[in-house]
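Here is the file work_4.cif (mmCIF, C-alpha atoms).
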```
data_model
loop_
_atom_site.label_atom_id
_atom_site.label_comp_id
_atom_site.auth_asym_id
_atom_site.auth_seq_id
_atom_site.Cartn_x
_atom_site.Cartn_y
_atom_site.Cartn_z
CA MET A 23 51.95 -81.04 -34.95
CA ALA A 24 49.84 -78.43 -33.28
CA LYS A 25 51.31 -76.89 -30.17
CA THR A 26 50.94 -79.31 -27.28
CA ILE A 27 52.73 -77.40 -24.53
CA LYS A 28 51.62 -74.39 -22.52
CA MET A 29 54.17 -73.17 -20.02
CA ARG A 30 54.72 -70.31 -17.56
CA ALA A 31 57.98 -69.66 -15.78
CA ARG A 32 58.26 -66.97 -13.13
CA ARG A 33 61.25 -65.95 -11.01
CA GLY A 34 60.22 -64.97 -7.50
CA ASP A 35 61.90 -62.43 -5.23
CA ASP A 36 63.63 -65.34 -3.51
CA GLY A 37 65.40 -66.18 -6.78
CA VAL A 38 63.47 -69.41 -7.27
CA VAL A 39 61.99 -70.03 -10.70
CA VAL A 40 58.56 -71.68 -10.59
CA VAL A 41 57.57 -73.47 -13.78
CA LYS A 42 54.04 -74.68 -14.49
CA ALA A 43 53.14 -76.51 -17.66
CA LEU A 44 50.20 -78.22 -19.31
CA ILE A 45 50.68 -80.73 -22.11
CA THR A 46 47.94 -81.82 -24.46
CA HIS A 47 48.18 -85.61 -24.73
CA PRO A 48 45.67 -88.51 -24.56
CA MET A 49 47.76 -90.58 -22.10
CA GLU A 50 45.99 -93.79 -23.19
CA THR A 51 46.59 -96.71 -20.85
CA GLY A 52 46.09 -99.45 -23.45
CA ARG A 53 43.29 -100.91 -21.32
CA ARG A 54 40.42 -98.64 -22.34
CA GLN A 55 37.79 -99.90 -24.78
CA ASP A 56 36.38 -97.68 -27.47
CA ARG A 57 32.72 -96.98 -26.67
CA ASP A 58 31.49 -97.49 -30.25
CA SER A 59 33.67 -100.22 -31.71
CA GLY A 60 34.48 -102.08 -28.50
CA ASP A 61 38.11 -102.27 -29.65
CA THR A 62 40.87 -101.76 -27.11
CA VAL A 63 42.49 -98.37 -27.62
CA PRO A 64 46.27 -98.88 -27.93
CA ALA A 65 48.55 -97.47 -25.26
CA HIS A 66 49.73 -93.96 -26.13
CA PHE A 67 51.45 -92.06 -23.36
CA ILE A 68 54.33 -89.70 -22.66
CA GLN A 69 57.38 -91.55 -21.32
CA LYS A 70 59.83 -88.77 -20.77
CA VAL A 71 59.69 -85.03 -20.08
CA VAL A 72 62.78 -82.85 -19.81
CA GLY A 73 63.17 -79.23 -18.76
CA GLU A 74 66.38 -77.37 -19.60
CA TYR A 75 67.83 -74.00 -18.71
CA LYS A 76 71.00 -72.89 -20.51
CA GLY A 77 71.53 -76.45 -21.71
CA GLU A 78 71.38 -77.91 -18.19
CA LYS A 79 68.61 -80.20 -17.04
CA VAL A 80 66.47 -78.66 -14.32
CA PHE A 81 63.63 -81.18 -14.66
CA GLU A 82 63.44 -84.79 -15.80
CA ALA A 83 60.48 -87.14 -15.53
CA TYR A 84 59.75 -90.72 -16.51
CA TRP A 85 56.06 -91.47 -16.86
CA GLY A 86 53.80 -94.46 -17.20
CA THR A 87 50.09 -94.56 -17.93
CA GLY A 88 49.11 -93.40 -14.42
CA VAL A 89 49.69 -89.73 -15.20
CA SER A 90 46.44 -87.96 -16.11
CA LYS A 91 45.30 -87.15 -19.61
CA ASN A 92 46.57 -83.68 -20.63
CA PRO A 93 49.27 -83.77 -17.95
CA TYR A 94 50.02 -80.93 -15.57
CA ILE A 95 53.43 -80.39 -14.01
CA ALA A 96 54.96 -77.85 -11.69
CA PHE A 97 58.59 -77.70 -10.59
CA ARG A 98 61.09 -75.24 -9.12
CA PHE A 99 64.75 -74.51 -9.64
CA ASP A 100 67.48 -72.07 -8.61
CA GLY A 101 69.69 -69.90 -10.75
CA GLY A 102 67.26 -68.91 -13.49
CA GLU A 103 67.35 -65.27 -14.61
CA LYS A 104 64.44 -63.13 -15.74
CA GLY A 105 64.44 -63.05 -19.53
CA GLY A 106 66.26 -66.38 -19.71
CA LYS A 107 64.80 -69.22 -21.74
CA ILE A 108 63.46 -72.43 -20.34
CA LYS A 109 62.88 -75.33 -22.72
CA LEU A 110 60.47 -78.17 -22.09
CA SER A 111 60.26 -81.27 -24.27
CA TRP A 112 58.44 -84.61 -24.20
CA VAL A 113 58.63 -87.96 -26.02
CA ASP A 114 55.91 -90.61 -26.01
CA ASN A 115 55.88 -94.39 -26.44
CA LEU A 116 55.10 -94.02 -30.16
CA GLY A 117 58.14 -91.83 -30.71
CA GLN A 118 56.13 -88.63 -31.11
CA SER A 119 57.55 -85.55 -29.44
CA ASP A 120 57.23 -81.82 -28.98
CA SER A 121 59.14 -79.02 -27.30
CA LEU A 122 58.63 -75.39 -26.36
CA GLU A 123 60.84 -72.52 -25.23
CA GLU A 124 59.43 -69.90 -22.89
CA THR A 125 60.92 -66.76 -21.35
CA ILE A 126 61.26 -66.57 -17.58
CA GLN A 127 59.12 -63.67 -16.30
CA MET B 20 71.91 -101.15 -60.14
CA ASN B 21 73.49 -98.13 -58.52
CA LYS B 22 70.14 -96.58 -58.03
CA ASN B 23 68.83 -99.73 -56.40
CA ARG B 24 71.82 -99.94 -54.14
CA ARG B 25 71.39 -96.36 -53.06
CA HIS B 26 67.71 -96.89 -52.45
CA PHE B 27 68.51 -99.95 -50.37
CA LEU B 28 71.12 -98.05 -48.36
CA HIS B 29 68.76 -95.17 -47.86
CA ARG B 30 66.08 -97.50 -46.59
CA SER B 31 68.42 -99.37 -44.24
CA VAL B 32 69.72 -96.15 -42.73
CA ALA B 33 66.18 -94.94 -42.19
CA ALA B 34 65.20 -98.26 -40.63
CA LEU B 35 68.25 -98.23 -38.40
CA ALA B 36 67.52 -94.69 -37.25
CA ALA B 37 63.91 -95.63 -36.52
CA SER B 38 64.92 -98.70 -34.54
CA LEU B 39 67.53 -96.81 -32.54
CA ALA B 40 65.57 -93.65 -31.73
CA PRO B 41 62.93 -94.96 -29.30
CA ALA B 42 65.44 -97.14 -27.47
CA ALA B 43 67.85 -94.26 -27.02
CA LEU B 44 65.13 -91.93 -25.82
CA SER B 45 63.77 -94.34 -23.26
CA ALA B 46 67.06 -95.92 -22.17
CA ASN B 47 66.55 -94.79 -18.58
CA TRP B 48 62.81 -95.43 -18.52
CA PRO B 49 62.28 -97.95 -15.69
CA LYS B 50 60.47 -100.50 -17.86
CA GLN B 51 60.27 -103.32 -15.36
CA ALA B 52 58.84 -101.14 -12.58
CA PHE B 53 56.30 -99.71 -15.02
CA GLU B 54 55.16 -103.25 -15.86
CA THR B 55 54.72 -104.34 -12.25
CA THR B 56 51.09 -104.69 -11.17
CA ALA B 57 51.56 -105.15 -7.41
CA LEU B 58 52.48 -102.24 -5.17
CA GLN B 59 54.87 -104.09 -2.88
CA GLN B 60 56.72 -105.58 -5.82
CA ALA B 61 57.09 -102.15 -7.42
CA LEU B 62 58.30 -100.67 -4.12
CA ASP B 63 60.86 -103.45 -3.66
CA LEU B 64 62.05 -103.08 -7.22
CA ILE B 65 62.61 -99.34 -6.80
CA THR B 66 63.94 -99.20 -3.25
CA GLY B 67 65.44 -102.63 -2.73
CA GLY B 68 63.20 -102.97 0.34
CA ASN B 69 64.63 -100.27 2.61
CA VAL B 70 62.20 -97.43 3.19
CA GLU B 71 61.91 -95.04 6.13
CA GLN B 72 58.61 -93.36 6.99
CA GLY B 73 58.35 -89.61 7.16
CA ALA B 74 60.37 -86.56 6.09
CA VAL B 75 58.13 -86.33 3.00
CA THR B 76 55.28 -83.85 2.66
CA LEU B 77 52.64 -85.28 0.37
CA LYS B 78 49.58 -83.20 -0.45
CA ALA B 79 46.60 -84.89 -2.06
CA PRO B 80 42.85 -84.35 -1.69
CA GLY B 81 41.10 -86.55 0.88
CA ILE B 82 38.17 -86.90 -1.49
CA ALA B 83 38.43 -86.70 -5.27
CA GLU B 84 35.31 -86.33 -7.37
CA ASP B 85 37.22 -87.03 -10.57
CA GLY B 86 39.71 -89.86 -10.26
CA GLY B 87 40.96 -89.03 -13.74
CA ALA B 88 42.99 -86.08 -12.51
CA VAL B 89 44.00 -85.91 -8.87
CA ARG B 90 46.44 -83.13 -7.98
CA VAL B 91 49.40 -84.45 -6.01
CA GLU B 92 52.16 -82.28 -4.56
CA VAL B 93 55.38 -83.52 -2.96
CA GLU B 94 57.94 -81.54 -1.03
CA THR B 95 60.74 -82.41 1.37
CA ALA B 96 63.33 -80.61 3.45
CA LEU B 97 65.75 -83.53 3.00
CA GLU B 98 69.10 -82.65 1.45
CA ASN B 99 70.74 -84.28 -1.56
CA VAL B 100 67.45 -85.40 -3.04
CA GLU B 101 68.00 -87.56 -6.11
CA SER B 102 64.48 -88.50 -7.13
CA ILE B 103 60.79 -88.36 -6.29
CA THR B 104 58.55 -91.31 -7.23
CA LEU B 105 54.75 -91.39 -7.14
CA LEU B 106 52.69 -94.57 -6.84
CA VAL B 107 48.97 -95.27 -6.54
CA GLU B 108 48.36 -98.47 -4.63
CA LYS B 109 45.24 -99.78 -6.37
CA ASN B 110 45.93 -98.69 -9.95
CA PRO B 111 46.49 -101.52 -12.46
CA VAL B 112 50.07 -100.28 -12.63
CA PRO B 113 50.93 -98.67 -9.25
CA LEU B 114 54.02 -96.79 -10.47
CA THR B 115 52.84 -93.59 -12.15
CA SER B 116 55.89 -91.39 -12.44
CA GLN B 117 59.47 -90.85 -11.44
CA PHE B 118 61.12 -87.42 -11.28
CA MET B 119 64.91 -87.15 -11.33
CA LEU B 120 66.37 -84.09 -9.64
CA HIS B 121 69.42 -82.20 -10.85
CA GLY B 122 71.80 -79.71 -9.29
CA GLN B 123 69.54 -76.67 -9.39
CA SER B 124 66.23 -78.49 -8.95
CA HIS B 125 64.22 -78.01 -5.78
CA ALA B 126 62.84 -81.08 -4.05
CA TYR B 127 59.34 -80.15 -5.12
CA ILE B 128 56.97 -81.56 -7.69
CA ALA B 129 53.28 -81.26 -8.53
CA THR B 130 51.32 -83.23 -11.08
CA ASN B 131 47.94 -84.84 -11.77
CA LEU B 132 47.52 -88.59 -11.39
CA LYS B 133 44.86 -91.11 -12.30
CA VAL B 134 43.44 -92.77 -9.20
CA ARG B 135 41.13 -95.54 -10.32
CA GLU B 136 39.44 -96.24 -7.01
CA THR B 137 39.80 -95.21 -3.39
CA SER B 138 43.46 -95.86 -2.76
CA ASP B 139 46.61 -94.78 -1.02
CA VAL B 140 48.96 -92.48 -2.91
CA ILE B 141 52.60 -93.02 -2.02
CA ALA B 142 55.49 -90.63 -2.52
CA LEU B 143 59.02 -91.99 -2.35
CA VAL B 144 61.92 -89.63 -1.97
CA LYS B 145 65.46 -90.82 -2.56
CA ALA B 146 67.97 -88.69 -0.67
CA GLY B 147 71.59 -89.48 0.04
CA GLY B 148 71.06 -93.00 -1.29
CA ARG B 149 68.17 -93.76 1.12
CA TYR B 150 64.43 -93.91 0.55
CA TYR B 151 61.78 -92.06 2.56
CA SER B 152 58.06 -92.28 2.02
CA GLY B 153 54.83 -90.42 2.61
CA ARG B 154 51.35 -91.80 2.15
CA ARG B 155 47.83 -90.40 1.87
CA THR B 156 44.46 -91.98 1.19
CA VAL B 157 42.40 -90.50 -1.64
CA ARG B 158 38.72 -91.40 -1.70
CA VAL B 159 37.46 -91.47 -5.26
CA THR B 160 33.79 -90.94 -6.01
CA ALA B 161 34.15 -91.40 -9.82
CA GLY B 162 36.61 -93.61 -11.71
CA GLY B 163 39.87 -92.48 -13.27
CA CYS B 164 41.07 -95.11 -15.68
CA SER B 165 37.96 -95.64 -17.81
#
```
If you convert what's in this file into structure tokens, what do you get?
Amino acid sequence: MAKTIKMRARRGDDGVVVVKALITHPMETGRRQDRDSGDTVPAHFIQKVVGEYKGEKVFEAYWGTGVSKNPYIAFRFDGGEKGGKIKLSWVDNLGQSDSLEETIQ
Amino acid sequence: MNKNRRHFLHRSVAALAASLAPAALSANWPKQAFETTALQQALDLITGGNVEQGAVTLKAPGIAEDGGAVRVEVETALENVESITLLVEKNPVPLTSQFMLHGQSHAYIATNLKVRETSDVIALVKAGGRYYSGRRTVRVTAGGCS
């Protein structure tokens, strides 16, 4: 699968790590009709997103179809060091998934 | 015979793995709340009916040109925050997302939500076993769920 996650993690002077991420995903509700065929487009959406630092969860989200297409998330956590790795992963309702590791700046 | 047996075993293991994987991954996914189509019902299901107003800072635009992606930001000074939940009153499914906080997490979250029509956006914060809420109306000039 092509890369679906773009992420930036930055540690501020206050020691707080700010993480911002964009995920490429259709987030289909299952209610939309295809413009050409008129068929209902099946639901296809991310259900779970997890962020980990040194094996510990620092972010965890459960999503339904109300999160926008190509979701954006931002979160903050303490204790992250510059140069440390933050890992973000997602799983959708069809069992597809992706993950990415990024260095804290 | 042996070959067939192995093939059968191989297939059953694969089938078992496939049937287990999605369930395991979404074990904590609040299925019932995500299937609820009425706001009050969803709120009751999540909170058990006890919600206090205030203590939650919810930022959302007063007017959204594109209901497909409305930036919502939640923050609170409450201590021992366990989760942040975002709902959109008039969406077909009001519950949009639930964020679980862990030891090092700050009680802050930002994301983009679909807001189908002019509607209230509600943020629920669970802290110390109690629920607090914040609410803002977003006026939508173009639809979000089409």
Subject >> Output check: residues returned by the PyMOL selection byres ((chain B) within 10 of (chain A)), as a VMD selection string >> reply: chain B and resid 37 40 to 42 44 to 45 47 to 50 52 to 54 86 to 92 102 to 107 110 to 135 163 to 165
**OP:** With the file shown as input, list the residues that the PyMOL selection byres ((chain A and resi 123-125) around 12) selects, as a PyMOL selection string.
**Re:** chain A and resi 25+27-33+39+41-43+72-77+102-111+120-122+126-127
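Note that the spacing between atom CA of B:Gly81 and atom CA of B:Leu58 amounts to 20.3 Å.
The shortest atom-to-atom distance to B:Glu84, with all atoms listed in the file taken into account, belongs to B:Glu136 out of B:Gly148, B:Ile141, B:Glu136, B:Thr55.
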**OP:** Between atom CA of B:Asp63 and atom CA of B:Ala79, measure the distance and give it in Å to one decimal.
**Re:**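 About the pair atom CA of B:Asp63 and atom CA of B:Ala79: they are 23.5 Å apart.
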Subject >> Selection dump of the PyMOL selection byres ((chain B and resi 65) around 10), as a list in words >> reply: Pro49, Gln51, Ala52, Gln59, Gln60, Ala61, Leu62, Asp63, Leu64, Thr66, Gly67, Gly68, Asn69, Thr104, Leu114, Leu143, Lys145 and Tyr150 of chain B
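Nearest to A:Ala24 of all the residues A:Ala65, A:Gly37, A:Asp58, A:His47 is A:His47, based on only C-alpha atoms.
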Subject >> Nearest to B:Ser152 by atom-to-atom distance, counting all atoms listed in the file, from B:Ala57, B:Leu97, B:Val70, B:Ala46 >> reply: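 Between B:Ala57, B:Leu97, B:Val70, B:Ala46, the residue approaching B:Ser152 most closely is B:Val70.
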**OP:** Provide the atom CA of B:Ile82 to atom CA of B:Ser138 distance in Å, to one decimal place.
**Re:**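 For atom CA of B:Ile82 relative to atom CA of B:Ser138, the distance reads 10.5 Å.
Considering the residues B:Asp139, B:Arg155, B:Ala74, B:Gly147 and counting all atoms listed in the file, B:Thr95 has its shortest atom-to-atom contact with B:Ala74.
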**OP:** Excluding B:Arg154 and residues on its chain fewer than 3 positions from it, collect all residues at most 9 Å away from it, counting all atoms listed in the file, and give them as a ChimeraX atom specification.
**Re:** /B:72-73,75-77,139-143
Subject >> Residue nearest A:Ser119 among A:Ser59, A:Pro64, A:Gly34, A:Thr26 (counting all atoms listed in the file) >> reply: A:Thr26
May I have the centre and edge lengths, in Å to one decimal, of an axis-aligned box around the listed atoms of stretch 140-149 of chain B with 3 Å added to every side, as JSON?
```
{"center_x": 60.3, "center_y": -91.2, "center_z": -0.9, "size_x": 28.6, "size_y": 11.1, "size_z": 10.0}
```
Original post:
Pick the closest to B:Thr156 from B:Val144, B:Thr137, B:Val93, B:Asp85: which is it, counting only C-alpha atoms?
Top reply: B:Thr137
